[in-house]
>>> print(open('structure26.cif').read())   # mmCIF, N, CA and C atoms
data_structure
#
loop_
_atom_site.label_atom_id
_atom_site.label_comp_id
_atom_site.auth_asym_id
_atom_site.auth_seq_id
_atom_site.Cartn_x
_atom_site.Cartn_y
_atom_site.Cartn_z
N LEU A 1 0.83 -1.18 0.00
CA LEU A 1 0.00 0.00 0.00
C LEU A 1 0.88 1.24 0.00
N LEU A 2 0.48 2.20 -0.80
CA LEU A 2 1.22 3.45 -0.81
C LEU A 2 0.98 4.26 0.46
N ASP A 3 -0.20 4.13 1.03
CA ASP A 3 -0.56 4.84 2.26
C ASP A 3 -1.18 3.84 3.23
N PRO A 4 -0.36 3.08 3.97
CA PRO A 4 -0.90 2.02 4.83
C PRO A 4 -1.58 2.53 6.10
N GLU A 5 -1.30 3.73 6.53
CA GLU A 5 -1.82 4.23 7.80
C GLU A 5 -3.34 4.11 7.95
N PRO A 6 -4.13 4.49 6.95
CA PRO A 6 -5.59 4.40 7.13
C PRO A 6 -6.09 2.96 7.26
N HIS A 7 -5.27 2.00 6.93
CA HIS A 7 -5.69 0.60 6.96
C HIS A 7 -5.19 -0.15 8.21
N ASP A 8 -4.49 0.55 9.08
CA ASP A 8 -3.96 -0.08 10.28
C ASP A 8 -5.09 -0.67 11.10
N HIS A 9 -5.00 -1.96 11.38
CA HIS A 9 -5.99 -2.71 12.14
C HIS A 9 -7.35 -2.85 11.44
N ALA A 10 -7.43 -2.49 10.16
CA ALA A 10 -8.68 -2.62 9.42
C ALA A 10 -8.90 -4.08 9.03
N VAL A 11 -10.15 -4.46 8.91
CA VAL A 11 -10.53 -5.80 8.49
C VAL A 11 -11.39 -5.66 7.25
N TYR A 12 -11.02 -6.38 6.20
CA TYR A 12 -11.77 -6.32 4.95
C TYR A 12 -12.23 -7.73 4.58
N THR A 13 -13.46 -7.84 4.13
CA THR A 13 -13.93 -9.13 3.66
C THR A 13 -13.33 -9.44 2.30
N LEU A 14 -13.08 -10.71 2.06
CA LEU A 14 -12.41 -11.14 0.84
C LEU A 14 -13.45 -11.50 -0.22
N HIS A 15 -13.74 -10.55 -1.08
CA HIS A 15 -14.68 -10.73 -2.17
C HIS A 15 -14.11 -10.05 -3.40
N GLY A 16 -14.80 -10.19 -4.50
CA GLY A 16 -14.43 -9.51 -5.73
C GLY A 16 -15.67 -8.90 -6.36
N PRO A 17 -15.51 -8.34 -7.55
CA PRO A 17 -16.65 -7.67 -8.19
C PRO A 17 -17.68 -8.65 -8.78
N VAL A 18 -17.27 -9.89 -9.01
CA VAL A 18 -18.19 -10.93 -9.48
C VAL A 18 -17.95 -12.19 -8.66
N GLU A 19 -18.99 -13.00 -8.55
CA GLU A 19 -18.86 -14.26 -7.83
C GLU A 19 -18.96 -15.39 -8.85
N GLN A 20 -17.96 -16.27 -8.84
CA GLN A 20 -17.95 -17.41 -9.76
C GLN A 20 -17.69 -18.68 -8.98
N ASN A 21 -18.35 -19.76 -9.41
CA ASN A 21 -18.04 -21.05 -8.79
C ASN A 21 -16.89 -21.70 -9.56
N HIS A 22 -16.44 -22.85 -9.10
CA HIS A 22 -15.29 -23.50 -9.72
C HIS A 22 -15.55 -23.89 -11.17
N HIS A 23 -16.77 -24.29 -11.48
CA HIS A 23 -17.10 -24.68 -12.85
C HIS A 23 -17.05 -23.47 -13.77
N GLU A 24 -17.53 -22.33 -13.31
CA GLU A 24 -17.49 -21.09 -14.11
C GLU A 24 -16.06 -20.61 -14.30
N ILE A 25 -15.23 -20.76 -13.29
CA ILE A 25 -13.82 -20.38 -13.41
C ILE A 25 -13.14 -21.27 -14.45
N ALA A 26 -13.39 -22.57 -14.40
CA ALA A 26 -12.81 -23.49 -15.38
C ALA A 26 -13.25 -23.13 -16.79
N GLU A 27 -14.53 -22.79 -16.95
CA GLU A 27 -15.04 -22.40 -18.26
C GLU A 27 -14.35 -21.13 -18.77
N ALA A 28 -14.15 -20.16 -17.89
CA ALA A 28 -13.46 -18.93 -18.27
C ALA A 28 -12.01 -19.22 -18.68
N MET A 29 -11.36 -20.11 -17.93
CA MET A 29 -9.98 -20.48 -18.27
C MET A 29 -9.93 -21.17 -19.62
N SER A 30 -10.88 -22.06 -19.90
CA SER A 30 -10.93 -22.76 -21.18
C SER A 30 -11.02 -21.78 -22.33
N GLY A 31 -11.84 -20.76 -22.16
CA GLY A 31 -12.00 -19.77 -23.22
C GLY A 31 -10.72 -19.06 -23.57
N VAL A 32 -9.90 -18.78 -22.59
CA VAL A 32 -8.63 -18.08 -22.82
C VAL A 32 -7.57 -19.04 -23.35
N LEU A 33 -7.47 -20.21 -22.75
CA LEU A 33 -6.41 -21.16 -23.09
C LEU A 33 -6.67 -21.90 -24.39
N GLY A 34 -7.94 -22.01 -24.78
CA GLY A 34 -8.25 -22.68 -26.03
C GLY A 34 -8.28 -24.20 -25.94
N TYR A 35 -8.32 -24.72 -24.74
CA TYR A 35 -8.49 -26.16 -24.55
C TYR A 35 -9.33 -26.39 -23.31
N PRO A 36 -9.96 -27.55 -23.20
CA PRO A 36 -10.89 -27.77 -22.08
C PRO A 36 -10.19 -27.76 -20.72
N VAL A 37 -10.81 -27.08 -19.79
CA VAL A 37 -10.40 -27.10 -18.39
C VAL A 37 -11.64 -27.51 -17.61
N HIS A 38 -11.51 -28.53 -16.80
CA HIS A 38 -12.64 -29.04 -16.04
C HIS A 38 -12.33 -28.99 -14.55
N TYR A 39 -13.35 -28.72 -13.78
CA TYR A 39 -13.22 -28.78 -12.33
C TYR A 39 -13.82 -30.10 -11.86
N GLU A 40 -13.06 -30.84 -11.12
CA GLU A 40 -13.53 -32.10 -10.54
C GLU A 40 -13.30 -32.02 -9.04
N PRO A 41 -14.38 -31.91 -8.26
CA PRO A 41 -14.22 -31.74 -6.82
C PRO A 41 -13.60 -32.97 -6.15
N ILE A 42 -12.78 -32.69 -5.15
CA ILE A 42 -12.20 -33.73 -4.30
C ILE A 42 -12.38 -33.27 -2.86
N SER A 43 -12.19 -34.17 -1.93
CA SER A 43 -12.32 -33.79 -0.52
C SER A 43 -11.15 -32.90 -0.10
N VAL A 44 -11.36 -32.16 0.95
CA VAL A 44 -10.29 -31.31 1.48
C VAL A 44 -9.11 -32.18 1.92
N GLU A 45 -9.39 -33.34 2.48
CA GLU A 45 -8.32 -34.24 2.91
C GLU A 45 -7.50 -34.73 1.72
N GLU A 46 -8.19 -35.10 0.63
CA GLU A 46 -7.48 -35.55 -0.58
C GLU A 46 -6.64 -34.41 -1.16
N PHE A 47 -7.20 -33.21 -1.16
CA PHE A 47 -6.47 -32.03 -1.63
C PHE A 47 -5.20 -31.82 -0.80
N ALA A 48 -5.32 -31.91 0.53
CA ALA A 48 -4.17 -31.70 1.42
C ALA A 48 -3.11 -32.76 1.17
N ARG A 49 -3.51 -34.02 1.06
CA ARG A 49 -2.53 -35.09 0.79
C ARG A 49 -1.79 -34.85 -0.52
N ALA A 50 -2.52 -34.44 -1.55
CA ALA A 50 -1.89 -34.19 -2.86
C ALA A 50 -0.89 -33.04 -2.78
N MET A 51 -1.25 -31.98 -2.07
CA MET A 51 -0.34 -30.83 -1.95
C MET A 51 0.91 -31.19 -1.15
N LEU A 52 0.74 -31.96 -0.08
CA LEU A 52 1.90 -32.41 0.70
C LEU A 52 2.80 -33.32 -0.14
N LYS A 53 2.19 -34.20 -0.92
CA LYS A 53 2.95 -35.10 -1.78
C LYS A 53 3.77 -34.33 -2.81
N ARG A 54 3.25 -33.19 -3.24
CA ARG A 54 3.96 -32.35 -4.22
C ARG A 54 5.02 -31.49 -3.57
N GLY A 55 5.13 -31.55 -2.25
CA GLY A 55 6.20 -30.83 -1.58
C GLY A 55 5.85 -29.45 -1.05
N LEU A 56 4.58 -29.09 -1.07
CA LEU A 56 4.21 -27.80 -0.51
C LEU A 56 4.40 -27.82 1.00
N ALA A 57 4.71 -26.67 1.54
CA ALA A 57 4.96 -26.56 2.98
C ALA A 57 3.70 -26.89 3.77
N GLU A 58 3.90 -27.57 4.89
CA GLU A 58 2.77 -28.01 5.71
C GLU A 58 1.89 -26.85 6.16
N HIS A 59 2.50 -25.72 6.53
CA HIS A 59 1.69 -24.58 6.98
C HIS A 59 0.86 -24.01 5.84
N LEU A 60 1.39 -24.04 4.61
CA LEU A 60 0.63 -23.57 3.45
C LEU A 60 -0.54 -24.51 3.16
N VAL A 61 -0.30 -25.80 3.25
CA VAL A 61 -1.36 -26.79 3.02
C VAL A 61 -2.45 -26.63 4.07
N GLN A 62 -2.06 -26.41 5.32
CA GLN A 62 -3.05 -26.20 6.39
C GLN A 62 -3.88 -24.95 6.09
N HIS A 63 -3.22 -23.88 5.68
CA HIS A 63 -3.93 -22.64 5.36
C HIS A 63 -4.90 -22.86 4.19
N LEU A 64 -4.42 -23.45 3.10
CA LEU A 64 -5.27 -23.67 1.93
C LEU A 64 -6.43 -24.62 2.25
N SER A 65 -6.18 -25.59 3.09
CA SER A 65 -7.26 -26.50 3.51
C SER A 65 -8.34 -25.75 4.28
N ASN A 66 -7.92 -24.87 5.17
CA ASN A 66 -8.89 -24.07 5.93
C ASN A 66 -9.65 -23.11 5.02
N VAL A 67 -8.97 -22.55 4.04
CA VAL A 67 -9.64 -21.69 3.07
C VAL A 67 -10.69 -22.49 2.30
N ALA A 68 -10.35 -23.73 1.92
CA ALA A 68 -11.29 -24.59 1.20
C ALA A 68 -12.54 -24.85 2.05
N VAL A 69 -12.35 -25.11 3.32
CA VAL A 69 -13.50 -25.33 4.21
C VAL A 69 -14.33 -24.05 4.33
N ASP A 70 -13.67 -22.91 4.48
CA ASP A 70 -14.40 -21.64 4.54
C ASP A 70 -15.19 -21.42 3.26
N TYR A 71 -14.60 -21.75 2.12
CA TYR A 71 -15.30 -21.60 0.84
C TYR A 71 -16.55 -22.49 0.83
N GLN A 72 -16.39 -23.73 1.26
CA GLN A 72 -17.54 -24.65 1.30
C GLN A 72 -18.64 -24.12 2.21
N ASN A 73 -18.25 -23.40 3.25
CA ASN A 73 -19.22 -22.88 4.21
C ASN A 73 -19.76 -21.49 3.84
N GLY A 74 -19.41 -21.00 2.65
CA GLY A 74 -19.96 -19.74 2.16
C GLY A 74 -19.31 -18.49 2.70
N VAL A 75 -18.15 -18.62 3.34
CA VAL A 75 -17.49 -17.45 3.93
C VAL A 75 -17.14 -16.40 2.86
N PHE A 76 -16.84 -16.83 1.66
CA PHE A 76 -16.41 -15.91 0.61
C PHE A 76 -17.53 -15.54 -0.36
N ALA A 77 -18.76 -15.92 -0.06
CA ALA A 77 -19.88 -15.60 -0.93
C ALA A 77 -20.15 -14.10 -0.91
N GLY A 78 -20.50 -13.57 -2.06
CA GLY A 78 -20.83 -12.15 -2.15
C GLY A 78 -19.85 -11.41 -3.04
N THR A 79 -20.13 -10.15 -3.23
CA THR A 79 -19.27 -9.29 -4.05
C THR A 79 -19.07 -7.96 -3.33
N ASN A 80 -18.01 -7.27 -3.69
CA ASN A 80 -17.80 -5.91 -3.23
C ASN A 80 -16.72 -5.26 -4.10
N ASP A 81 -16.39 -4.01 -3.80
CA ASP A 81 -15.39 -3.28 -4.58
C ASP A 81 -14.18 -2.89 -3.73
N VAL A 82 -13.93 -3.66 -2.67
CA VAL A 82 -12.84 -3.34 -1.74
C VAL A 82 -11.48 -3.35 -2.44
N VAL A 83 -11.24 -4.34 -3.30
CA VAL A 83 -9.93 -4.41 -3.98
C VAL A 83 -9.69 -3.13 -4.78
N GLU A 84 -10.69 -2.69 -5.51
CA GLU A 84 -10.53 -1.46 -6.31
C GLU A 84 -10.36 -0.23 -5.43
N LYS A 85 -11.16 -0.15 -4.36
CA LYS A 85 -11.06 1.02 -3.47
C LYS A 85 -9.68 1.10 -2.81
N ILE A 86 -9.17 -0.03 -2.34
CA ILE A 86 -7.88 -0.02 -1.63
C ILE A 86 -6.72 0.02 -2.61
N GLY A 87 -6.83 -0.75 -3.68
CA GLY A 87 -5.73 -0.84 -4.64
C GLY A 87 -5.70 0.23 -5.70
N GLY A 88 -6.81 0.95 -5.85
CA GLY A 88 -6.84 2.03 -6.82
C GLY A 88 -7.10 1.59 -8.25
N ARG A 89 -7.35 0.32 -8.45
CA ARG A 89 -7.68 -0.18 -9.79
C ARG A 89 -8.50 -1.45 -9.62
N PRO A 90 -9.32 -1.76 -10.61
CA PRO A 90 -10.15 -2.96 -10.47
C PRO A 90 -9.30 -4.23 -10.49
N PRO A 91 -9.75 -5.28 -9.80
CA PRO A 91 -9.00 -6.54 -9.86
C PRO A 91 -9.13 -7.16 -11.25
N LEU A 92 -8.20 -8.04 -11.57
CA LEU A 92 -8.26 -8.74 -12.84
C LEU A 92 -9.40 -9.75 -12.83
N SER A 93 -10.03 -9.92 -13.97
CA SER A 93 -10.99 -11.01 -14.11
C SER A 93 -10.20 -12.31 -14.26
N VAL A 94 -10.89 -13.42 -14.16
CA VAL A 94 -10.22 -14.71 -14.39
C VAL A 94 -9.58 -14.72 -15.77
N GLU A 95 -10.33 -14.26 -16.76
CA GLU A 95 -9.81 -14.25 -18.13
C GLU A 95 -8.56 -13.38 -18.24
N GLN A 96 -8.57 -12.21 -17.63
CA GLN A 96 -7.40 -11.33 -17.68
C GLN A 96 -6.20 -11.97 -16.98
N PHE A 97 -6.44 -12.56 -15.80
CA PHE A 97 -5.35 -13.18 -15.06
C PHE A 97 -4.72 -14.31 -15.86
N VAL A 98 -5.55 -15.18 -16.43
CA VAL A 98 -5.03 -16.32 -17.20
C VAL A 98 -4.27 -15.81 -18.42
N ALA A 99 -4.81 -14.83 -19.13
CA ALA A 99 -4.14 -14.30 -20.31
C ALA A 99 -2.79 -13.68 -19.96
N GLU A 100 -2.73 -12.96 -18.86
CA GLU A 100 -1.48 -12.30 -18.45
C GLU A 100 -0.47 -13.26 -17.83
N ASN A 101 -0.92 -14.44 -17.44
CA ASN A 101 -0.05 -15.43 -16.79
C ASN A 101 -0.10 -16.77 -17.51
N ARG A 102 -0.29 -16.74 -18.80
CA ARG A 102 -0.46 -17.95 -19.60
C ARG A 102 0.65 -18.97 -19.35
N SER A 103 1.87 -18.52 -19.15
CA SER A 103 2.99 -19.45 -18.97
C SER A 103 2.80 -20.34 -17.73
N PHE A 104 2.07 -19.86 -16.74
CA PHE A 104 1.83 -20.66 -15.53
C PHE A 104 0.84 -21.80 -15.78
N PHE A 105 0.17 -21.75 -16.91
CA PHE A 105 -0.83 -22.76 -17.23
C PHE A 105 -0.34 -23.74 -18.29
N GLU A 106 0.93 -23.67 -18.62
CA GLU A 106 1.51 -24.60 -19.58
C GLU A 106 1.74 -25.94 -18.90
N THR A 107 1.88 -26.99 -19.67
CA THR A 107 2.02 -28.34 -19.12
C THR A 107 3.34 -28.55 -18.39
N SER A 108 4.25 -27.61 -18.49
CA SER A 108 5.54 -27.80 -17.84
C SER A 108 5.59 -27.19 -16.44
N GLY A 109 4.46 -26.69 -15.94
CA GLY A 109 4.45 -26.07 -14.63
C GLY A 109 4.78 -27.04 -13.51
N PRO A 110 5.22 -26.54 -12.36
CA PRO A 110 5.66 -27.42 -11.27
C PRO A 110 4.54 -28.27 -10.68
N ASN A 111 3.29 -27.88 -10.86
CA ASN A 111 2.20 -28.66 -10.27
C ASN A 111 1.37 -29.38 -11.32
N PHE A 112 1.89 -29.46 -12.54
CA PHE A 112 1.16 -30.13 -13.61
C PHE A 112 1.03 -31.64 -13.34
N VAL A 113 -0.18 -32.12 -13.50
CA VAL A 113 -0.44 -33.56 -13.36
C VAL A 113 -0.98 -34.03 -14.70
N PRO A 114 -0.26 -34.91 -15.39
CA PRO A 114 -0.75 -35.37 -16.70
C PRO A 114 -2.12 -36.05 -16.57
N GLY A 115 -2.96 -35.82 -17.58
CA GLY A 115 -4.27 -36.46 -17.61
C GLY A 115 -4.14 -37.96 -17.66
N SER A 116 -5.14 -38.64 -17.13
CA SER A 116 -5.07 -40.09 -17.12
C SER A 116 -5.86 -40.69 -18.25
#
>>> encode(input="structure26.cif", output="structure tokens")
Amino acid sequence: LLDPEPHDHAVYTLHGPVEQNHHEIAEAMSGVLGYPVHYEPISVEEFARAMLKRGLAEHLVQHLSNVAVDYQNGVFAGTNDVVEKIGGRPPLSVEQFVAENRSFFETSGPNFVPGS
């Protein structure tokens, strides 16, 4: 933040300007990448085991697992303009993020799992 003082001890809810579920995010990614992207739900426990197996730090896996549970419980449901108000510009859409970071979605990425 360029001016962090007004935000000292502030609490902001984590939302964006649009709400999308995992299937809608996958569809948006497919449109940019030009190949099918599908969301297939797995349990939080299975997700955690897979991340640990890939070498992610235990504290990160614990955090992401808790975020997944919060998501399932609707903690992140809703929309707002907090990112734009605080950051001074609108957040990227899924399509914009994928287009600007296309290299992270190539098959050679560190977390790529070949299709079965």
>>> atom_distance(input="structure26.cif", atom1="atom N of Gly78 in chain A", atom2="CA of Asn21 in chain A")
10.4 Å
>>> atom_distance(input="structure26.cif", atom1="atom N of Glu24 in chain A", atom2="atom N of Lys53 in chain A")
26.1 Å
>>> residues_around(input="structure26.cif", residues="Pro17 in chain A", least_positions_apart="4", cutoff="7 Å", atoms="only C-alpha atoms", output="list in words")
Thr79, Asn80 and Asp81 of chain A
>>> resolve_selection(input="structure26.cif", expression="the PyMOL selection byres (((chain A and resi 63-76 and name CA) around 9) and name CA)", output="PyMOL selection string")
chain A and resi 13-15+19+44-45+47-48+58-62+77-79
>>> atom_distance(input="structure26.cif", atom1="CA of Ile86 in chain A", atom2="CA of Phe105 in chain A")
28.5 Å
>>> select_by_dssp(input="structure26.cif", residues="range 10-89 of chain A", states="helix (DSSP H, G or I)", output="ChimeraX atom specification")
/A:22-33,44-53,58-72,82-87
>>> write_last_selection(input="structure26.cif", atoms="N, CA and C atoms", output="short mmCIF file (atom, residue, chain, number, x, y, z; two decimals), in the frame of the given file")
data_model
loop_
_atom_site.label_atom_id
_atom_site.label_comp_id
_atom_site.auth_asym_id
_atom_site.auth_seq_id
_atom_site.Cartn_x
_atom_site.Cartn_y
_atom_site.Cartn_z
N HIS A 22 -16.44 -22.85 -9.10
CA HIS A 22 -15.29 -23.50 -9.72
C HIS A 22 -15.55 -23.89 -11.17
N HIS A 23 -16.77 -24.29 -11.48
CA HIS A 23 -17.10 -24.68 -12.85
C HIS A 23 -17.05 -23.47 -13.77
N GLU A 24 -17.53 -22.33 -13.31
CA GLU A 24 -17.49 -21.09 -14.11
C GLU A 24 -16.06 -20.61 -14.30
N ILE A 25 -15.23 -20.76 -13.29
CA ILE A 25 -13.82 -20.38 -13.41
C ILE A 25 -13.14 -21.27 -14.45
N ALA A 26 -13.39 -22.57 -14.40
CA ALA A 26 -12.81 -23.49 -15.38
C ALA A 26 -13.25 -23.13 -16.79
N GLU A 27 -14.53 -22.79 -16.95
CA GLU A 27 -15.04 -22.40 -18.26
C GLU A 27 -14.35 -21.13 -18.77
N ALA A 28 -14.15 -20.16 -17.89
CA ALA A 28 -13.46 -18.93 -18.27
C ALA A 28 -12.01 -19.22 -18.68
N MET A 29 -11.36 -20.11 -17.93
CA MET A 29 -9.98 -20.48 -18.27
C MET A 29 -9.93 -21.17 -19.62
N SER A 30 -10.88 -22.06 -19.90
CA SER A 30 -10.93 -22.76 -21.18
C SER A 30 -11.02 -21.78 -22.33
N GLY A 31 -11.84 -20.76 -22.16
CA GLY A 31 -12.00 -19.77 -23.22
C GLY A 31 -10.72 -19.06 -23.57
N VAL A 32 -9.90 -18.78 -22.59
CA VAL A 32 -8.63 -18.08 -22.82
C VAL A 32 -7.57 -19.04 -23.35
N LEU A 33 -7.47 -20.21 -22.75
CA LEU A 33 -6.41 -21.16 -23.09
C LEU A 33 -6.67 -21.90 -24.39
N VAL A 44 -11.36 -32.16 0.95
CA VAL A 44 -10.29 -31.31 1.48
C VAL A 44 -9.11 -32.18 1.92
N GLU A 45 -9.39 -33.34 2.48
CA GLU A 45 -8.32 -34.24 2.91
C GLU A 45 -7.50 -34.73 1.72
N GLU A 46 -8.19 -35.10 0.63
CA GLU A 46 -7.48 -35.55 -0.58
C GLU A 46 -6.64 -34.41 -1.16
N PHE A 47 -7.20 -33.21 -1.16
CA PHE A 47 -6.47 -32.03 -1.63
C PHE A 47 -5.20 -31.82 -0.80
N ALA A 48 -5.32 -31.91 0.53
CA ALA A 48 -4.17 -31.70 1.42
C ALA A 48 -3.11 -32.76 1.17
N ARG A 49 -3.51 -34.02 1.06
CA ARG A 49 -2.53 -35.09 0.79
C ARG A 49 -1.79 -34.85 -0.52
N ALA A 50 -2.52 -34.44 -1.55
CA ALA A 50 -1.89 -34.19 -2.86
C ALA A 50 -0.89 -33.04 -2.78
N MET A 51 -1.25 -31.98 -2.07
CA MET A 51 -0.34 -30.83 -1.95
C MET A 51 0.91 -31.19 -1.15
N LEU A 52 0.74 -31.96 -0.08
CA LEU A 52 1.90 -32.41 0.70
C LEU A 52 2.80 -33.32 -0.14
N LYS A 53 2.19 -34.20 -0.92
CA LYS A 53 2.95 -35.10 -1.78
C LYS A 53 3.77 -34.33 -2.81
N GLU A 58 3.90 -27.57 4.89
CA GLU A 58 2.77 -28.01 5.71
C GLU A 58 1.89 -26.85 6.16
N HIS A 59 2.50 -25.72 6.53
CA HIS A 59 1.69 -24.58 6.98
C HIS A 59 0.86 -24.01 5.84
N LEU A 60 1.39 -24.04 4.61
CA LEU A 60 0.63 -23.57 3.45
C LEU A 60 -0.54 -24.51 3.16
N VAL A 61 -0.30 -25.80 3.25
CA VAL A 61 -1.36 -26.79 3.02
C VAL A 61 -2.45 -26.63 4.07
N GLN A 62 -2.06 -26.41 5.32
CA GLN A 62 -3.05 -26.20 6.39
C GLN A 62 -3.88 -24.95 6.09
N HIS A 63 -3.22 -23.88 5.68
CA HIS A 63 -3.93 -22.64 5.36
C HIS A 63 -4.90 -22.86 4.19
N LEU A 64 -4.42 -23.45 3.10
CA LEU A 64 -5.27 -23.67 1.93
C LEU A 64 -6.43 -24.62 2.25
N SER A 65 -6.18 -25.59 3.09
CA SER A 65 -7.26 -26.50 3.51
C SER A 65 -8.34 -25.75 4.28
N ASN A 66 -7.92 -24.87 5.17
CA ASN A 66 -8.89 -24.07 5.93
C ASN A 66 -9.65 -23.11 5.02
N VAL A 67 -8.97 -22.55 4.04
CA VAL A 67 -9.64 -21.69 3.07
C VAL A 67 -10.69 -22.49 2.30
N ALA A 68 -10.35 -23.73 1.92
CA ALA A 68 -11.29 -24.59 1.20
C ALA A 68 -12.54 -24.85 2.05
N VAL A 69 -12.35 -25.11 3.32
CA VAL A 69 -13.50 -25.33 4.21
C VAL A 69 -14.33 -24.05 4.33
N ASP A 70 -13.67 -22.91 4.48
CA ASP A 70 -14.40 -21.64 4.54
C ASP A 70 -15.19 -21.42 3.26
N TYR A 71 -14.60 -21.75 2.12
CA TYR A 71 -15.30 -21.60 0.84
C TYR A 71 -16.55 -22.49 0.83
N GLN A 72 -16.39 -23.73 1.26
CA GLN A 72 -17.54 -24.65 1.30
C GLN A 72 -18.64 -24.12 2.21
N VAL A 82 -13.93 -3.66 -2.67
CA VAL A 82 -12.84 -3.34 -1.74
C VAL A 82 -11.48 -3.35 -2.44
N VAL A 83 -11.24 -4.34 -3.30
CA VAL A 83 -9.93 -4.41 -3.98
C VAL A 83 -9.69 -3.13 -4.78
N GLU A 84 -10.69 -2.69 -5.51
CA GLU A 84 -10.53 -1.46 -6.31
C GLU A 84 -10.36 -0.23 -5.43
N LYS A 85 -11.16 -0.15 -4.36
CA LYS A 85 -11.06 1.02 -3.47
C LYS A 85 -9.68 1.10 -2.81
N ILE A 86 -9.17 -0.03 -2.34
CA ILE A 86 -7.88 -0.02 -1.63
C ILE A 86 -6.72 0.02 -2.61
N GLY A 87 -6.83 -0.75 -3.68
CA GLY A 87 -5.73 -0.84 -4.64
C GLY A 87 -5.70 0.23 -5.70
#
>>> closest_residue(input="structure26.cif", among="A:Ala10, A:Ser30, A:Pro4, A:Gly16", to="Glu95 in chain A", atoms="only C-alpha atoms")
A:Ser30
>>> resolve_selection(input="structure26.cif", expression="the PyMOL selection byres (((chain A and resi 93 and name CA) around 10) and name CA)", output="count of residues only")
14
>>> resolve_selection(input="structure26.cif", expression="the PyMOL selection byres (((chain A and resi 39 and name CA) around 9) and name CA)", output="list in words")
His22, His23, Glu24, Ile25, Ala26, Glu27, Val37, His38, Glu40 and Pro41 of chain A
>>> axis_aligned_box(input="structure26.cif", around="range 61-75 of chain A", padding_each_side="4 Å", output="AutoDock Vina command-line options")
--center_x -10.1 --center_y -21.6 --center_z 3.6 --size_x 27.7 --size_y 18.4 --size_z 13.6
>>> closest_residue(input="structure26.cif", among="A:Glu100, A:Val32, A:Arg54, A:Val82", to="Val11 in chain A", atoms="only C-alpha atoms")
A:Val82
>>> decode(input="structure26.cif", residues="range 2-17 of chain A", atoms="N, CA and C atoms", output="mmCIF file, in the first residue's frame")
data_model
loop_
_atom_site.group_PDB
_atom_site.id
_atom_site.type_symbol
_atom_site.label_atom_id
_atom_site.label_comp_id
_atom_site.auth_asym_id
_atom_site.auth_seq_id
_atom_site.Cartn_x
_atom_site.Cartn_y
_atom_site.Cartn_z
ATOM 1 N N LEU A 2 0.480 2.202 -0.795
ATOM 2 C CA LEU A 2 1.221 3.452 -0.809
ATOM 3 C C LEU A 2 0.983 4.256 0.464
ATOM 4 N N ASP A 3 -0.205 4.132 1.031
ATOM 5 C CA ASP A 3 -0.557 4.839 2.261
ATOM 6 C C ASP A 3 -1.181 3.838 3.233
ATOM 7 N N PRO A 4 -0.358 3.079 3.969
ATOM 8 C CA PRO A 4 -0.904 2.021 4.831
ATOM 9 C C PRO A 4 -1.584 2.527 6.098
ATOM 10 N N GLU A 5 -1.302 3.727 6.530
ATOM 11 C CA GLU A 5 -1.822 4.227 7.805
ATOM 12 C C GLU A 5 -3.343 4.109 7.948
ATOM 13 N N PRO A 6 -4.129 4.492 6.954
ATOM 14 C CA PRO A 6 -5.589 4.395 7.133
ATOM 15 C C PRO A 6 -6.094 2.959 7.257
ATOM 16 N N HIS A 7 -5.269 1.998 6.930
ATOM 17 C CA HIS A 7 -5.686 0.600 6.963
ATOM 18 C C HIS A 7 -5.193 -0.145 8.208
ATOM 19 N N ASP A 8 -4.486 0.548 9.076
ATOM 20 C CA ASP A 8 -3.957 -0.076 10.281
ATOM 21 C C ASP A 8 -5.094 -0.669 11.102
ATOM 22 N N HIS A 9 -5.001 -1.958 11.381
ATOM 23 C CA HIS A 9 -5.992 -2.715 12.143
ATOM 24 C C HIS A 9 -7.354 -2.849 11.441
ATOM 25 N N ALA A 10 -7.427 -2.494 10.165
ATOM 26 C CA ALA A 10 -8.679 -2.623 9.422
ATOM 27 C C ALA A 10 -8.901 -4.083 9.034
ATOM 28 N N VAL A 11 -10.150 -4.460 8.913
ATOM 29 C CA VAL A 11 -10.528 -5.803 8.487
ATOM 30 C C VAL A 11 -11.388 -5.655 7.246
ATOM 31 N N TYR A 12 -11.019 -6.382 6.203
ATOM 32 C CA TYR A 12 -11.766 -6.325 4.953
ATOM 33 C C TYR A 12 -12.231 -7.729 4.579
ATOM 34 N N THR A 13 -13.455 -7.836 4.126
ATOM 35 C CA THR A 13 -13.934 -9.131 3.660
ATOM 36 C C THR A 13 -13.327 -9.436 2.298
ATOM 37 N N LEU A 14 -13.080 -10.711 2.058
ATOM 38 C CA LEU A 14 -12.405 -11.141 0.843
ATOM 39 C C LEU A 14 -13.446 -11.499 -0.219
ATOM 40 N N HIS A 15 -13.743 -10.546 -1.076
ATOM 41 C CA HIS A 15 -14.684 -10.728 -2.171
ATOM 42 C C HIS A 15 -14.114 -10.050 -3.401
ATOM 43 N N GLY A 16 -14.800 -10.188 -4.499
ATOM 44 C CA GLY A 16 -14.432 -9.511 -5.725
ATOM 45 C C GLY A 16 -15.666 -8.897 -6.355
ATOM 46 N N PRO A 17 -15.514 -8.340 -7.549
ATOM 47 C CA PRO A 17 -16.647 -7.674 -8.187
ATOM 48 C C PRO A 17 -17.677 -8.646 -8.783
#
